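Dumped data_18.csv below, it's CSV, C-alpha atoms and all ligand atoms:
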```csv
chain,number,residue,atom,x,y,z
D,1,MET,CA,0.0,0.0,0.0
D,2,SER,CA,2.9,2.4,0.7
D,3,GLN,CA,3.7,2.3,-3.0
D,4,ALA,CA,0.2,3.3,-4.1
D,5,PRO,CA,0.7,7.0,-4.4
D,6,HIS,CA,3.6,6.5,-6.8
D,7,LEU,CA,1.6,4.4,-9.2
D,8,SER,CA,-0.3,6.0,-12.0
D,9,ILE,CA,-3.9,4.9,-11.5
D,10,SER,CA,-5.8,3.6,-14.4
D,11,SER,CA,-9.5,4.1,-14.6
D,12,LEU,CA,-10.0,0.4,-14.0
D,13,LYS,CA,-8.1,0.6,-10.7
D,14,ARG,CA,-10.0,3.7,-9.7
D,15,ALA,CA,-13.2,1.8,-10.2
D,16,GLY,CA,-11.8,-1.0,-8.1
D,17,VAL,CA,-10.9,1.3,-5.2
D,18,GLY,CA,-14.3,2.9,-5.4
D,19,LEU,CA,-15.9,-0.4,-5.1
D,20,LEU,CA,-13.8,-1.3,-2.1
D,21,LEU,CA,-14.6,1.9,-0.3
D,22,TRP,CA,-18.3,1.4,-1.0
D,23,ALA,CA,-18.1,-2.1,0.4
D,24,ALA,CA,-16.3,-0.9,3.5
D,25,SER,CA,-18.8,1.9,4.2
D,26,SER,CA,-21.8,-0.4,3.8
D,27,LEU,CA,-20.1,-2.9,6.2
D,28,VAL,CA,-19.8,-0.1,8.8
D,29,MET,CA,-23.4,0.9,8.2
D,30,ALA,CA,-24.6,-2.7,8.7
D,31,ALA,CA,-22.8,-2.8,12.0
D,32,ASP,CA,-24.7,0.3,13.2
D,33,PRO,CA,-22.1,2.1,15.2
D,34,GLU,CA,-22.6,2.7,18.9
D,35,PRO,CA,-23.5,6.3,19.9
D,36,ALA,CA,-20.4,8.3,20.7
D,37,MET,CA,-19.6,8.7,24.4
D,38,LYS,CA,-17.3,11.6,25.2
D,39,VAL,CA,-15.9,12.4,28.6
D,40,GLU,CA,-16.0,16.1,29.6
D,41,GLN,CA,-14.1,17.5,32.6
D,42,VAL,CA,-16.0,19.8,35.0
D,43,GLY,CA,-13.6,19.9,38.0
D,44,PRO,CA,-10.0,18.9,38.8
D,45,HIS,CA,-11.1,15.3,39.3
D,46,SER,CA,-14.7,15.4,38.1
D,47,TYR,CA,-16.2,14.3,34.8
D,48,TYR,CA,-19.4,13.5,33.0
D,49,VAL,CA,-20.7,12.0,29.8
D,50,GLN,CA,-23.7,13.5,28.1
D,51,GLY,CA,-26.6,11.4,26.8
D,52,LEU,CA,-28.4,12.3,23.5
D,53,SER,CA,-31.5,14.4,23.6
D,54,GLN,CA,-33.6,11.6,22.1
D,55,LEU,CA,-36.0,9.0,23.2
D,56,GLY,CA,-34.4,5.7,24.2
D,57,SER,CA,-34.1,3.3,21.2
D,58,THR,CA,-32.2,0.2,20.0
D,59,LYS,CA,-30.1,2.5,17.9
D,60,ASN,CA,-28.9,4.8,20.8
D,61,GLN,CA,-28.6,2.0,23.4
D,62,ASN,CA,-30.8,4.1,25.7
D,63,PHE,CA,-28.0,6.7,26.0
D,64,ILE,CA,-30.4,9.5,26.8
D,65,SER,CA,-29.2,10.6,30.2
D,66,ASN,CA,-25.9,11.8,31.8
D,67,ALA,CA,-23.6,10.1,34.3
D,68,GLY,CA,-20.9,11.7,36.3
D,69,PHE,CA,-17.8,10.4,38.0
D,70,VAL,CA,-15.3,11.7,40.6
D,71,ILE,CA,-11.8,10.2,40.9
D,72,THR,CA,-11.0,10.5,44.6
D,73,PRO,CA,-7.5,9.6,45.9
D,74,GLN,CA,-8.6,6.0,46.6
D,75,SER,CA,-11.5,5.1,44.3
D,76,VAL,CA,-14.0,6.3,41.7
D,77,VAL,CA,-17.5,7.4,42.6
D,78,VAL,CA,-20.1,7.2,39.8
D,79,ILE,CA,-23.2,9.4,39.9
D,80,ASP,CA,-26.1,7.6,38.0
D,81,ALA,CA,-25.7,4.4,36.1
D,82,LEU,CA,-26.9,5.2,32.6
D,83,GLY,CA,-29.7,3.5,30.6
D,84,SER,CA,-28.3,0.0,29.8
D,85,PRO,CA,-25.6,-2.4,31.1
D,86,ARG,CA,-23.7,-1.9,27.8
D,87,LEU,CA,-23.5,1.8,28.5
D,88,ALA,CA,-22.2,1.2,32.0
D,89,GLU,CA,-19.5,-1.1,30.5
D,90,ARG,CA,-18.6,1.7,28.0
D,91,LEU,CA,-18.5,4.3,30.8
D,92,THR,CA,-16.2,2.0,32.8
D,93,ALA,CA,-13.9,1.7,29.8
D,94,GLU,CA,-13.7,5.5,29.6
D,95,ILE,CA,-12.9,5.7,33.3
D,96,ARG,CA,-10.2,3.1,32.8
D,97,LYS,CA,-8.5,5.5,30.3
D,98,LEU,CA,-8.1,8.0,33.2
D,99,THR,CA,-7.4,5.8,36.3
D,100,PRO,CA,-6.9,2.2,37.4
D,101,LEU,CA,-8.6,2.9,40.7
D,102,PRO,CA,-11.6,0.7,41.5
D,103,ILE,CA,-15.2,2.0,41.1
D,104,SER,CA,-16.3,1.8,44.8
D,105,ASP,CA,-19.6,3.5,44.7
D,106,VAL,CA,-22.6,4.5,42.6
D,107,ILE,CA,-24.9,7.2,43.9
D,108,LEU,CA,-28.3,7.5,42.2
D,109,THR,CA,-30.0,10.9,41.8
D,110,HIS,CA,-33.3,9.1,41.2
D,111,TYR,CA,-34.6,5.7,40.1
D,112,HIS,CA,-35.8,6.4,36.6
D,113,ALA,CA,-35.1,3.7,34.0
D,114,ASP,CA,-32.7,5.8,31.9
D,115,HIS,CA,-30.5,6.4,35.0
D,116,ILE,CA,-30.5,2.9,36.5
D,117,TYR,CA,-30.5,0.1,33.9
D,118,GLY,CA,-26.7,0.1,33.9
D,119,LEU,CA,-26.6,-0.7,37.7
D,120,GLN,CA,-26.0,-4.4,37.4
D,121,TYR,CA,-22.7,-3.9,35.6
D,122,PHE,CA,-21.4,-1.7,38.5
D,123,LYS,CA,-22.8,-4.1,41.1
D,124,GLN,CA,-20.8,-6.9,39.5
D,125,LEU,CA,-17.7,-4.8,39.7
D,126,GLY,CA,-18.3,-4.6,43.5
D,127,ALA,CA,-19.6,-1.1,43.7
D,128,ARG,CA,-21.8,-0.1,46.6
D,129,ILE,CA,-25.1,1.5,45.5
D,130,THR,CA,-26.6,4.4,47.4
D,131,ALA,CA,-30.1,6.0,46.9
D,132,HIS,CA,-32.8,7.6,48.8
D,133,VAL,CA,-35.2,5.4,50.7
D,134,ALA,CA,-38.3,6.9,48.9
D,135,ALA,CA,-37.4,4.8,45.8
D,136,LYS,CA,-37.5,1.5,47.6
D,137,GLU,CA,-41.2,0.8,47.2
D,138,TYR,CA,-41.3,1.9,43.5
D,139,ILE,CA,-38.3,-0.3,42.5
D,140,GLN,CA,-40.1,-3.4,44.0
D,141,SER,CA,-43.4,-2.4,42.4
D,142,ASP,CA,-45.3,-4.0,39.5
D,143,THR,CA,-45.0,-0.7,37.6
D,144,ALA,CA,-41.2,-0.9,37.7
D,145,SER,CA,-41.3,-4.6,36.5
D,146,LEU,CA,-43.7,-3.9,33.7
D,147,ARG,CA,-41.6,-1.0,32.6
D,148,LEU,CA,-38.6,-3.2,32.4
D,149,GLU,CA,-40.6,-5.9,30.6
D,150,ALA,CA,-41.6,-3.3,27.9
D,151,SER,CA,-38.0,-2.1,27.7
D,152,ARG,CA,-36.8,-5.7,26.8
D,153,THR,CA,-38.8,-5.2,23.6
D,154,ASP,CA,-38.3,-1.5,22.9
D,155,LEU,CA,-34.6,-1.4,23.8
D,156,ALA,CA,-33.5,-4.9,22.6
D,157,PRO,CA,-30.8,-6.2,22.5
D,158,TRP,CA,-29.4,-3.7,25.1
D,159,ILE,CA,-32.1,-4.5,27.6
D,160,ASP,CA,-32.8,-8.2,27.6
D,161,ASP,CA,-33.8,-11.2,29.9
D,162,LYS,CA,-30.6,-10.8,31.8
D,163,THR,CA,-31.3,-7.1,32.7
D,164,ARG,CA,-32.6,-6.8,36.2
D,165,LEU,CA,-33.6,-4.0,38.6
D,166,VAL,CA,-31.0,-3.6,41.3
D,167,LEU,CA,-31.8,-2.4,44.8
D,168,ALA,CA,-29.5,0.0,46.6
D,169,ASP,CA,-27.1,-1.3,49.3
D,170,THR,CA,-27.5,1.8,51.3
D,171,TRP,CA,-30.8,3.6,51.5
D,172,ILE,CA,-30.4,7.1,52.9
D,173,ASN,CA,-33.1,9.2,54.6
D,174,GLY,CA,-32.4,12.9,54.9
D,175,PRO,CA,-29.2,14.8,54.3
D,176,THR,CA,-26.2,12.6,54.5
D,177,SER,CA,-22.5,13.1,54.3
D,178,LEU,CA,-20.6,10.1,52.9
D,179,LYS,CA,-16.8,9.9,53.2
D,180,ILE,CA,-15.4,8.0,50.2
D,181,GLY,CA,-11.8,7.7,49.3
D,182,GLY,CA,-11.0,10.3,51.9
D,183,TRP,CA,-13.3,12.9,50.3
D,184,VAL,CA,-16.7,14.1,51.5
D,185,PHE,CA,-19.8,13.6,49.3
D,186,GLU,CA,-22.7,15.8,50.6
D,187,ILE,CA,-26.0,14.3,49.7
D,188,ASP,CA,-29.2,16.3,49.9
D,189,HIS,CA,-32.7,14.9,49.6
D,190,VAL,CA,-34.4,17.5,47.4
D,191,GLY,CA,-37.6,15.6,46.6
D,192,PRO,CA,-40.4,15.2,46.1
D,193,SER,CA,-39.9,17.3,43.0
D,194,HIS,CA,-39.1,15.3,39.8
D,195,THR,CA,-39.5,12.1,41.8
D,196,PRO,CA,-40.0,11.4,45.6
D,197,GLU,CA,-36.4,10.2,45.9
D,198,ASP,CA,-34.6,13.1,44.2
D,199,LEU,CA,-31.0,13.6,45.5
D,200,THR,CA,-28.3,16.0,44.7
D,201,VAL,CA,-24.6,15.2,45.3
D,202,PHE,CA,-22.1,17.9,46.1
D,203,VAL,CA,-18.4,17.4,46.3
D,204,PRO,CA,-16.8,20.3,48.2
D,205,ASN,CA,-13.2,19.4,47.2
D,206,GLU,CA,-14.3,19.8,43.6
D,207,LYS,CA,-17.0,22.5,44.0
D,208,VAL,CA,-19.1,20.3,41.6
D,209,LEU,CA,-22.8,19.5,42.1
D,210,PHE,CA,-24.6,16.6,40.4
D,211,ALA,CA,-28.2,17.7,40.2
D,212,GLY,CA,-30.2,14.9,38.5
D,213,ASP,CA,-33.3,15.9,36.7
D,214,LEU,CA,-34.1,19.0,38.8
D,215,PHE,CA,-32.0,21.3,36.7
D,216,PHE,CA,-31.9,21.7,32.9
D,217,ASN,CA,-29.2,23.9,31.6
D,218,GLY,CA,-29.9,26.5,28.9
D,219,ARG,CA,-33.5,25.5,28.2
D,220,LEU,CA,-36.9,25.5,29.8
D,221,PRO,CA,-37.7,22.5,32.0
D,222,PHE,CA,-40.7,20.2,31.5
D,223,VAL,CA,-42.7,20.7,34.6
D,224,GLY,CA,-45.1,17.8,34.1
D,225,LYS,CA,-46.8,16.7,37.3
D,226,ALA,CA,-43.9,17.9,39.5
D,227,ASN,CA,-44.5,19.7,42.8
D,228,SER,CA,-43.1,23.1,41.7
D,229,SER,CA,-43.1,24.7,45.2
D,230,GLN,CA,-40.8,21.9,46.5
D,231,TRP,CA,-38.8,22.2,43.2
D,232,ILE,CA,-38.2,26.0,43.9
D,233,LEU,CA,-37.0,25.2,47.4
D,234,SER,CA,-34.6,22.5,45.9
D,235,LEU,CA,-33.2,25.0,43.4
D,236,ASP,CA,-32.6,27.5,46.3
D,237,GLN,CA,-30.8,24.7,48.2
D,238,MET,CA,-28.6,24.0,45.1
D,239,LEU,CA,-27.7,27.7,44.9
D,240,LYS,CA,-26.4,27.5,48.5
D,241,HIS,CA,-23.6,25.2,47.5
D,242,ASP,CA,-21.9,27.9,45.5
D,243,ALA,CA,-20.7,25.2,43.0
D,244,THR,CA,-18.5,26.2,40.0
D,245,ALA,CA,-20.1,23.5,37.8
D,246,VAL,CA,-23.4,21.7,37.9
D,247,VAL,CA,-24.0,18.5,36.0
D,248,PRO,CA,-27.7,17.9,35.2
D,249,GLY,CA,-29.4,14.6,34.5
D,250,HIS,CA,-29.8,15.6,30.8
D,251,GLY,CA,-28.0,18.1,28.6
D,252,ALA,CA,-24.7,20.0,29.0
D,253,ALA,CA,-23.2,20.9,32.3
D,254,SER,CA,-23.5,24.5,33.5
D,255,MET,CA,-20.3,26.4,34.2
D,256,ASP,CA,-22.2,29.4,35.4
D,257,PRO,CA,-24.6,27.7,37.9
D,258,LYS,CA,-25.8,30.8,39.7
D,259,LYS,CA,-27.2,32.4,36.5
D,260,ASP,CA,-28.5,29.1,35.1
D,261,ILE,CA,-30.2,27.8,38.2
D,262,THR,CA,-31.7,31.2,38.9
D,263,MET,CA,-33.3,31.2,35.4
D,264,THR,CA,-35.0,27.9,36.1
D,265,ARG,CA,-36.1,29.0,39.5
D,266,ASP,CA,-37.5,32.3,38.3
D,267,TYR,CA,-39.4,30.6,35.5
D,268,LEU,CA,-41.1,28.2,37.9
D,269,LYS,CA,-41.9,31.1,40.3
D,270,TYR,CA,-43.4,33.1,37.3
D,271,LEU,CA,-45.5,30.1,36.3
D,272,ARG,CA,-46.9,29.9,39.8
D,273,THR,CA,-47.5,33.6,40.3
D,274,SER,CA,-49.2,34.1,36.9
D,275,MET,CA,-51.3,30.9,36.9
D,276,GLY,CA,-52.0,31.3,40.6
D,277,ALA,CA,-53.4,34.7,40.1
D,278,ALA,CA,-55.6,33.5,37.2
D,279,VAL,CA,-57.0,30.6,39.4
D,280,GLN,CA,-57.6,33.1,42.2
D,281,ASP,CA,-59.6,35.4,39.9
D,282,PHE,CA,-61.5,32.5,38.1
D,283,VAL,CA,-59.9,33.3,34.8
D,284,PRO,CA,-60.1,30.3,32.4
D,285,PHE,CA,-56.7,28.9,31.4
D,286,GLU,CA,-56.9,29.9,27.7
D,287,GLU,CA,-57.6,33.4,28.5
D,288,ALA,CA,-55.0,33.6,31.3
D,289,TYR,CA,-52.3,32.1,29.0
D,290,LYS,CA,-53.0,34.7,26.3
D,291,ALA,CA,-53.0,37.5,28.8
D,292,THR,CA,-49.7,36.5,30.4
D,293,ASP,CA,-46.5,38.3,29.3
D,294,TRP,CA,-44.0,35.5,28.5
D,295,SER,CA,-41.4,37.8,26.9
D,296,ALA,CA,-38.8,37.1,29.6
D,297,PHE,CA,-38.7,33.4,28.6
D,298,GLU,CA,-39.6,33.4,24.9
D,299,ALA,CA,-36.0,33.3,23.6
D,300,THR,CA,-35.1,30.3,25.9
D,301,PRO,CA,-34.8,27.0,24.0
D,302,MET,CA,-37.8,24.7,24.3
D,303,PHE,CA,-40.1,27.6,24.9
D,304,GLY,CA,-42.3,26.8,21.9
D,305,PHE,CA,-42.4,23.1,22.9
D,306,ALA,CA,-42.8,23.3,26.7
D,307,ASN,CA,-44.2,26.6,27.9
D,308,ARG,CA,-47.9,26.1,27.1
D,309,MET,CA,-47.9,22.6,28.7
D,310,ASN,CA,-45.9,23.9,31.7
D,311,ALA,CA,-48.4,26.7,32.2
D,312,TYR,CA,-51.4,24.3,31.9
D,313,ASN,CA,-49.9,21.9,34.4
D,314,THR,CA,-49.1,24.7,36.8
D,315,TYR,CA,-52.7,26.1,36.4
D,316,LEU,CA,-54.0,22.7,37.5
D,317,LEU,CA,-51.6,22.5,40.3
D,318,MET,CA,-52.6,25.9,41.6
D,319,GLU,CA,-56.2,24.9,41.5
D,320,GLU,CA,-55.4,21.8,43.6
D,321,GLU,CA,-53.4,23.9,46.0
D,322,ALA,CA,-56.3,26.4,46.3
D,323,LEU,CA,-58.7,23.6,47.1
D,324,GLU,CA,-56.3,22.1,49.7
D,325,LYS,CA,-56.2,25.5,51.4
D,326,LYS,CA,-60.0,25.7,51.6
D,327,ARG,CA,-60.2,22.2,53.2
D,401,ZN,ZN,-34.0,11.6,33.5
```

Could you quickly redo this structure as structure tokens?
Ligand SMILES: [Zn+2]
Amino acid sequence: MSQAPHLSISSLKRAGVGLLLWAASSLVMAADPEPAMKVEQVGPHSYYVQGLSQLGSTKNQNFISNAGFVITPQSVVVIDALGSPRLAERLTAEIRKLTPLPISDVILTHYHADHIYGLQYFKQLGARITAHVAAKEYIQSDTASLRLEASRTDLAPWIDDKTRLVLADTWINGPTSLKIGGWVFEIDHVGPSHTPEDLTVFVPNEKVLFAGDLFFNGRLPFVGKANSSQWILSLDQMLKHDATAVVPGHGAASMDPKKDITMTRDYLKYLRTSMGAAVQDFVPFEEAYKATDWSAFEATPMFGFANRMNAYNTYLLMEEEALEKKR
């Protein structure tokens, strides 16, 4: 091959090379490459990988959420286990490029499928799993089993008969300070917001906060059925850490947490005040939505997609809260 550039290439040979290239590229396509996994550094010894903003599928291995890791002087602590055992294996391979230290712990921000299906891989490596006790009932429920059963079809072959739901080894209840590898990991229970068991993990040595699904950087959140008054308190609690980087459960990390967390918090507050006032004055939702000035948030990504639904869900929540108060 080293002589190839010196040869004069006949048209026949050119056709041959073209055919070879074509065959090679179709082979690659047939193998369906795994989605890229790129490690990003967010602190002196802190990193994360960013999942795709897609729905989980066979093609993306369910790589739709983030996972973080911190290399302490003695071991590696992983935050969230990714959406399939294969992804956990791939994350471990990435960690191995940086350190030979053992993965001693996995801390889960919450027990949603896309953050936990990789657990069994870390468990088999001997890692201790820590989560909030509020998830214990759910993970042993029929709902969780049925979800896994459906994933065996939807996410095959990455989720299969061998994939199982893994319970935590340590269930914490309330704020907890874990000492791992000589470093402190401050765990706050910030639920029930996105889920009853929401946790955040702050590493003071690194000034890095792992925030799970309570914080979306650079876009509007999906409020869904979340308890937004608790969510606002959780965001206030996050601000107290004075972190220099925050890794969310989805999307890119924030390197300007004060500004980014404040935006999410103010948006939630605005939803509650504007929709709350409409409920108070018996203004129907449609009318209230049209009359509200959304200009402060219109330029934020996902506005067109999420704002109306967020406003509607908040309207319903404010109705519920008004009824509770009357009771
Ligand atoms: Zn999530």

Please, which residues in chain D fall within 12 Å of ligand ZN 401 (chain D) when counting only C-alpha atoms and all ligand atoms, and what is the closest atom pair and distance in Å to one decimal for each, ordered by chain then residue number, as a Markdown table?
```
| residue | atom | partner | partner_atom | distance |
| --- | --- | --- | --- | --- |
| D:Gln50 | CA | D:ZN401 | ZN | 11.8 |
| D:Gly51 | CA | D:ZN401 | ZN | 10.0 |
| D:Leu52 | CA | D:ZN401 | ZN | 11.5 |
| D:Ser53 | CA | D:ZN401 | ZN | 10.6 |
| D:Gln54 | CA | D:ZN401 | ZN | 11.4 |
| D:Leu55 | CA | D:ZN401 | ZN | 10.8 |
| D:Gly56 | CA | D:ZN401 | ZN | 11.0 |
| D:Asn62 | CA | D:ZN401 | ZN | 11.3 |
| D:Phe63 | CA | D:ZN401 | ZN | 10.8 |
| D:Ile64 | CA | D:ZN401 | ZN | 7.9 |
| D:Ser65 | CA | D:ZN401 | ZN | 5.9 |
| D:Asn66 | CA | D:ZN401 | ZN | 8.3 |
| D:Ala67 | CA | D:ZN401 | ZN | 10.5 |
| D:Asp80 | CA | D:ZN401 | ZN | 9.9 |
| D:Ala81 | CA | D:ZN401 | ZN | 11.3 |
| D:Leu82 | CA | D:ZN401 | ZN | 9.6 |
| D:Gly83 | CA | D:ZN401 | ZN | 9.6 |
| D:Leu108 | CA | D:ZN401 | ZN | 11.2 |
| D:Thr109 | CA | D:ZN401 | ZN | 9.2 |
| D:His110 | CA | D:ZN401 | ZN | 8.1 |
| D:Tyr111 | CA | D:ZN401 | ZN | 8.9 |
| D:His112 | CA | D:ZN401 | ZN | 6.3 |
| D:Ala113 | CA | D:ZN401 | ZN | 8.0 |
| D:Asp114 | CA | D:ZN401 | ZN | 6.2 |
| D:His115 | CA | D:ZN401 | ZN | 6.4 |
| D:Ile116 | CA | D:ZN401 | ZN | 9.8 |
| D:His194 | CA | D:ZN401 | ZN | 8.9 |
| D:Thr195 | CA | D:ZN401 | ZN | 10.0 |
| D:Asp198 | CA | D:ZN401 | ZN | 10.8 |
| D:Ala211 | CA | D:ZN401 | ZN | 10.8 |
| D:Gly212 | CA | D:ZN401 | ZN | 7.1 |
| D:Asp213 | CA | D:ZN401 | ZN | 5.4 |
| D:Leu214 | CA | D:ZN401 | ZN | 9.1 |
| D:Phe215 | CA | D:ZN401 | ZN | 10.4 |
| D:Phe216 | CA | D:ZN401 | ZN | 10.3 |
| D:Pro221 | CA | D:ZN401 | ZN | 11.6 |
| D:Phe222 | CA | D:ZN401 | ZN | 11.1 |
| D:Pro248 | CA | D:ZN401 | ZN | 9.1 |
| D:Gly249 | CA | D:ZN401 | ZN | 5.6 |
| D:His250 | CA | D:ZN401 | ZN | 6.4 |
| D:Gly251 | CA | D:ZN401 | ZN | 10.1 |
```

*Non-local contacts of stretch 40-48 of chain D (7 Å; all atoms listed in the file; under 5 positions in same chain excluded) as a count of residues only*: 9

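Here atom CA of D:Val247 stands at a distance of 20.6 Å from atom CA of D:Ala93.
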
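Relative to atom CA of D:Leu323, atom CA of D:Tyr267 is found at 23.6 Å.
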
Using all atoms listed in the file, which protein or nucleic acid residues come within 8 Å of D:Asp169? Drop anything in the same chain fewer than 3 positions from it, and give the result as a CSV table (one decimal) with C-alpha atoms, in the coordinates of the input.
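And here's out35.csv as it stands now:
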```
chain,number,residue,atom,x,y,z
D,128,ARG,CA,-21.8,-0.1,46.6
D,129,ILE,CA,-25.1,1.5,45.5
D,130,THR,CA,-26.6,4.4,47.4
```

*asked:* as an MDAnalysis selection string, please: the residues near stretch 275-284 of chain D (cut-off 6 Å, all atoms listed in the file, same-chain neighbours under 3 positions excluded).
replied: chainID D and resid 271:272 287:288 315 318

Let me see the file: selected residues, C-alpha atoms, as a short mmCIF file (atom, residue, chain, number, x, y, z; two decimals), in the frame of the given file.
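Wrote it out as part_12.cif, contents follow:
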```cif
data_model
loop_
_atom_site.label_atom_id
_atom_site.label_comp_id
_atom_site.auth_asym_id
_atom_site.auth_seq_id
_atom_site.Cartn_x
_atom_site.Cartn_y
_atom_site.Cartn_z
CA LEU D 271 -45.50 30.10 36.30
CA ARG D 272 -46.90 29.90 39.80
CA GLU D 287 -57.60 33.40 28.50
CA ALA D 288 -55.00 33.60 31.30
CA TYR D 315 -52.70 26.10 36.40
CA MET D 318 -52.60 25.90 41.60
#
```

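What separates atom CA of D:Trp183 from atom CA of D:Ala135 is a distance of 25.8 Å.
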
*Find the residue from D:Phe202, D:Gly118, D:Tyr138, D:Thr163 that sits nearest to D:Ala150; use only C-alpha atoms when measuring.*
D:Thr163

*D:Phe185: which residues within 10 Å, counting only C-alpha atoms, same-chain residues fewer than 2 positions away excluded, as a PyMOL selection string?*
chain D and resi 70+77+107+176-183+187-188+200-205+209

*For D:Gly218, please output as a list in words all residues within 12 Å (counting all atoms listed in the file; exclusion window: fewer than 6 positions along the same chain).*
Pro248, His250, Gly251, Ala252, Ala253, Ser254, Met255, Asp256, Pro257, Lys259, Asp260, Ile261, Thr262, Met263, Thr264, Phe297, Ala299, Thr300, Pro301, Met302 and Phe303 of chain D

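Closest approach to D:Glu298 among D:Leu220, D:Ala88, D:Ala322, D:Leu317: D:Leu220, based on all atoms listed in the file.
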
Residue completion, stretch 240-253 of chain D, N, CA and C atoms, as a compact mmCIF listing (two decimals), keeping the file's coordinate frame:
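Written out: result.txt:
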```
# COMPACT_ATOMS: atom_id res chain seq x y z
N LYS D 240 -27.15 27.37 47.30
CA LYS D 240 -26.40 27.50 48.50
C LYS D 240 -24.99 26.90 48.43
N HIS D 241 -24.87 25.87 47.59
CA HIS D 241 -23.60 25.20 47.50
C HIS D 241 -22.49 26.00 46.86
N ASP D 242 -22.87 27.00 46.12
CA ASP D 242 -21.90 27.90 45.50
C ASP D 242 -20.92 27.02 44.60
N ALA D 243 -21.49 26.12 43.83
CA ALA D 243 -20.70 25.20 43.00
C ALA D 243 -20.16 26.02 41.76
N THR D 244 -19.03 25.57 41.23
CA THR D 244 -18.50 26.20 40.00
C THR D 244 -18.99 25.46 38.76
N ALA D 245 -19.48 24.23 38.96
CA ALA D 245 -20.10 23.50 37.80
C ALA D 245 -21.22 22.64 38.35
N VAL D 246 -22.27 22.56 37.56
CA VAL D 246 -23.40 21.70 37.90
C VAL D 246 -23.66 20.76 36.73
N VAL D 247 -23.70 19.46 37.03
CA VAL D 247 -24.00 18.50 36.00
C VAL D 247 -25.44 18.04 36.14
N PRO D 248 -26.27 18.33 35.12
CA PRO D 248 -27.70 17.90 35.20
C PRO D 248 -27.84 16.46 34.74
N GLY D 249 -29.06 15.95 34.89
CA GLY D 249 -29.40 14.60 34.50
C GLY D 249 -29.42 14.44 32.95
N HIS D 250 -29.67 15.56 32.26
CA HIS D 250 -29.80 15.60 30.80
C HIS D 250 -29.16 16.88 30.29
N GLY D 251 -28.51 16.84 29.16
CA GLY D 251 -28.00 18.10 28.60
C GLY D 251 -26.63 18.45 29.14
N ALA D 252 -26.10 19.57 28.62
CA ALA D 252 -24.70 20.00 29.00
C ALA D 252 -24.66 20.52 30.41
N ALA D 253 -23.46 20.40 30.99
CA ALA D 253 -23.20 20.90 32.30
C ALA D 253 -23.24 22.45 32.29
```
